[in-house]
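Quick notes on the structure that follows.
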Amino acid sequence: MSELHTFAKYPFLSEASDFISNTGLSIGDLAHEKFLPIVNRGEERLIQAILKSRLSTEWQDDFQELMSFPVAVMLTGLSRDVRLIRRMSLVETKRVYDFLQKESKDFLLDIAQKQFHWKVQRIDQSLTKIPEYLVKWIIDSKPSMSLLNKICLSVPEEFVKSHKDMVSIDLASYLRGIQKGLGTNLKWRLVNRIVNKGYVWVDANELARLLSEDIYRFYSTIFKKVRVATPPSELVSRVRKLTPIMARELKKRVMPLPRDVQPELFPPCMMNLLCSLDKGVDVPHMGRFSLASFLLASGMPQEAVIEKYRHAPDFNVETTSGQVAQIAKVGYVPPNCKTMQNLGLCYQPNEICQKISSPLRYYKYQAWKKRKP
Ligand code: SF4
């Protein structure tokens with residue numbers, strides 16, 4: 001694969017930006033007719049982002065594709081539209097992520113180290129000997145990751161061999177990668193990972209996913225920060241033409257509550273609280289409060305909410321009625337996902353949980369998806 005093709009795929013690489021600078025092209029040159037295809041493709045990046053939330057990943061001319069990226073950055077900056085900045089950061093990241101998933105482990109490691117300054121180790125580098133009997137026990141009994149982390153000062157050779165496709169990355173980079181959406185998925189929690197001497201083991205796909213979080217942050221920053229002092233009129237008029245399309249397509253998606261309460265669309269955390277109460281489990285106070293505020297916010301009548309607590313071991317109709325009435329009167333907002341996680345009430349989050357920030361939004365999103373033609 002040619003270097004230029006790599007740059008066209010990954011325009012955020014510092015080598016790609018050096019290449020662009022070395023062409024000596026100035027912003028004023030873009031008005032020249034021979035650069036029209038570059039400006040057109042730059043604008044097309046925005047149109048695809050706005051209308052399809054996805055960028056095409058095929059092109060004829062690597063140079064044009066690469067050079068269209070800074071044009072797209074300038075057009076986005078000129079729009080000063082935060083929704084477009086967010087959308088562009090997202091779709092440019094998705095485009096890169098599509099490519100990254102097909103790359104070799106070495107290529108990904110190279111980007112992680114050179115571009116984002118992660119500390120990475122190959123698994124065999126982190127290997128040190130441990131007693132034979134412990135090796136045998138680990139191989140035979142396949143302990144959980146968390147137990148393995150606790151008992152292993154180092155990782156046994158056989159285990160390393162069976163995980164030879166993995167790499168390890170420094171804890172800080174890993175935590176930064178999962179801090180937004182990924183951390184809600186149990187798979188990414190540290191308790192379910194091998195952590196060895198400050199390094200977390202990941203496979204190539206996971207590495208690509210974590211990298212895309214840093215790439216998103218990078219794109220977001222450049223789209224936000226770009227300022228064009230004297231923009232060519234050609235670019236200004238293109239942004240003007242896009243303004244009504246942006247206003248129409250990027251307006252905030254309104255997700256109203258469904259008219260009837262639909263428990264089958266509730267998030268896993270609330271379903272778990274409901275099931276626990278139904279089985280007579282003594283749910284802690286914050287669990288009861290979170291559930292009541294969620295059910296009321298979802299439109300459930302107070303009497304129906306009270307009924308949900310009937311099998312609680314200490315159920316008292318007057319106390320429960322008073323508490324539910326108080327929550328309804330004050331209009332408490334149900335906790336968001338972060339608070340639920342801190343309270344230990346988040347339960348088996350699924351892929352929808354990665355798109356939302358609160359149990360109520362989960363419910364609205366599910367209802368919106370169901371209504372969608
Ligand atoms: S991520 Fe949010 S909605 Fe999903 S289970 Fe956890 S708390 Fe509930």
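Letters for chains follow the order of the structure tokens (A, B, ...), residue numbers begin at 1 for each chain, and ligand numbers begin at 1 in the order shown.
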
Please identify all polymer residues within 8 Å of segment 286-295 of chain A, counting only C-alpha atoms, omitting same-chain residues fewer than 2 positions from it, and present them as a ChimeraX atom specification. /A:270,273-274,283-284,297-300,305,324,327-328,331-335,343,345,359-360

Could I get the residue neighbourhood of ligand 1 at 6 Å, counting only C-alpha atoms and all ligand atoms, as a ChimeraX atom specification? /A:184,267-269,337,340,346-349,353,358-359,362

The selected residues should be written to file as a short mmCIF file (atom, residue, chain, number, x, y, z; two decimals), in the first residue's frame (atoms: N, CA and C atoms).
```cif
data_model
loop_
_atom_site.label_atom_id
_atom_site.label_comp_id
_atom_site.auth_asym_id
_atom_site.auth_seq_id
_atom_site.Cartn_x
_atom_site.Cartn_y
_atom_site.Cartn_z
N THR A 184 -19.46 1.43 30.43
CA THR A 184 -20.75 0.91 30.91
C THR A 184 -20.91 -0.57 30.55
N PRO A 267 -34.92 -0.26 30.79
CA PRO A 267 -33.51 -0.69 30.75
C PRO A 267 -33.25 -1.83 31.75
N PRO A 268 -32.12 -2.54 31.56
CA PRO A 268 -31.83 -3.70 32.42
C PRO A 268 -31.77 -3.35 33.91
N CYS A 269 -31.27 -2.15 34.24
CA CYS A 269 -31.16 -1.79 35.67
C CYS A 269 -32.53 -1.74 36.32
N CYS A 337 -27.05 7.42 34.40
CA CYS A 337 -26.29 6.15 34.42
C CYS A 337 -25.06 6.24 35.33
N MET A 340 -26.15 5.82 38.79
CA MET A 340 -26.57 4.41 38.97
C MET A 340 -25.34 3.52 39.12
N CYS A 346 -26.39 -0.14 38.40
CA CYS A 346 -26.35 -0.42 36.95
C CYS A 346 -26.24 -1.94 36.81
N TYR A 347 -27.07 -2.53 35.96
CA TYR A 347 -27.11 -3.99 35.90
C TYR A 347 -27.04 -4.47 34.45
N GLN A 348 -26.03 -5.24 34.16
CA GLN A 348 -25.84 -5.84 32.84
C GLN A 348 -26.17 -4.88 31.68
N PRO A 349 -25.46 -3.78 31.59
CA PRO A 349 -25.74 -2.84 30.49
C PRO A 349 -25.55 -3.50 29.13
N CYS A 353 -27.21 0.79 26.01
CA CYS A 353 -26.71 1.60 27.11
C CYS A 353 -25.54 2.48 26.68
N SER A 358 -28.89 8.00 30.54
CA SER A 358 -29.73 7.78 31.72
C SER A 358 -30.77 6.70 31.42
N PRO A 359 -31.25 6.03 32.45
CA PRO A 359 -32.27 4.99 32.23
C PRO A 359 -33.52 5.54 31.52
N TYR A 362 -32.87 5.77 27.94
CA TYR A 362 -32.90 4.42 27.39
C TYR A 362 -34.34 4.08 26.99
#
```

Which residues are close to Leu186 of chain A, i.e. within 12 Å by only C-alpha atoms, leaving aside same-chain residues fewer than 2 positions away? Reply as a PyMOL selection string. chain A and resi 178+181-184+188-193+341+346-351+353-354

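Nearest residue to Lys364 of chain A among A:Thr320, A:Ala325, A:Ala16, A:Leu257 is A:Leu257, counting only C-alpha atoms.
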
Can you check which parts of segment 62-123 of chain A lie within 12 Å of segment 26-31 of chain A? Per residue, the shortest pair of atoms and distance in Å to one decimal, counting only C-alpha atoms, sorted by chain and number, as a Markdown table.
```
| residue | atom | partner | partner_atom | distance |
| --- | --- | --- | --- | --- |
| A:Met67 | CA | A:Leu30 | CA | 10.4 |
| A:Ser68 | CA | A:Leu30 | CA | 10.4 |
| A:Pro70 | CA | A:Ile27 | CA | 9.7 |
| A:Val71 | CA | A:Ile27 | CA | 8.8 |
| A:Met74 | CA | A:Ile27 | CA | 9.5 |
| A:Leu75 | CA | A:Ile27 | CA | 11.8 |
```

Near-Leu84 of chain A list (9 Å; only C-alpha atoms; drop same-chain fewer than 3 positions) as a count of residues only: 12

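Distance check against Asp170 of chain A using only C-alpha atoms: of A:Lys119, A:Lys355, A:Lys102, A:Arg209, the minimum falls on A:Lys119.
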
By how many Å are atom CA of Val82 of chain A and atom CA of Arg41 of chain A apart? 21.5 Å

Between A:Tyr365, A:Lys180, A:Tyr174, A:Glu234, single out the one closest to Glu206 of chain A, counting only C-alpha atoms.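 Ranked by minimum distance to Glu206 of chain A, first place goes to A:Tyr174.
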
Counting only C-alpha atoms, what is within 6 Å of Leu210 of chain A, bar same-chain residues fewer than 3 positions away, as an mmCIF file with N, CA, C and O atoms, in the first residue's frame?
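Once written, result.cif looks like this:
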```
data_model
loop_
_atom_site.group_PDB
_atom_site.id
_atom_site.type_symbol
_atom_site.label_atom_id
_atom_site.label_comp_id
_atom_site.auth_asym_id
_atom_site.auth_seq_id
_atom_site.Cartn_x
_atom_site.Cartn_y
_atom_site.Cartn_z
ATOM 1 N N GLY A 177 -9.615 5.513 27.417
ATOM 2 C CA GLY A 177 -10.395 4.951 26.312
ATOM 3 C C GLY A 177 -11.780 4.498 26.733
ATOM 4 O O GLY A 177 -12.732 4.610 25.962
ATOM 5 N N LEU A 207 -8.085 -2.952 20.666
ATOM 6 C CA LEU A 207 -7.114 -1.867 20.529
ATOM 7 C C LEU A 207 -7.632 -0.821 19.525
ATOM 8 O O LEU A 207 -7.556 0.388 19.772
ATOM 9 N N GLU A 213 -11.371 6.099 20.301
ATOM 10 C CA GLU A 213 -11.777 7.094 21.300
ATOM 11 C C GLU A 213 -10.810 8.283 21.297
ATOM 12 O O GLU A 213 -11.230 9.437 21.377
#
```

Hey, which of A:Leu211, A:Val202, A:Leu235, A:Val39 ends up closest to Leu100 of chain A? Count only C-alpha atoms. A:Leu211

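With atom CA of Asn196 of chain A on one side and atom CA of Ser173 of chain A on the other, the separation reads 14.4 Å.
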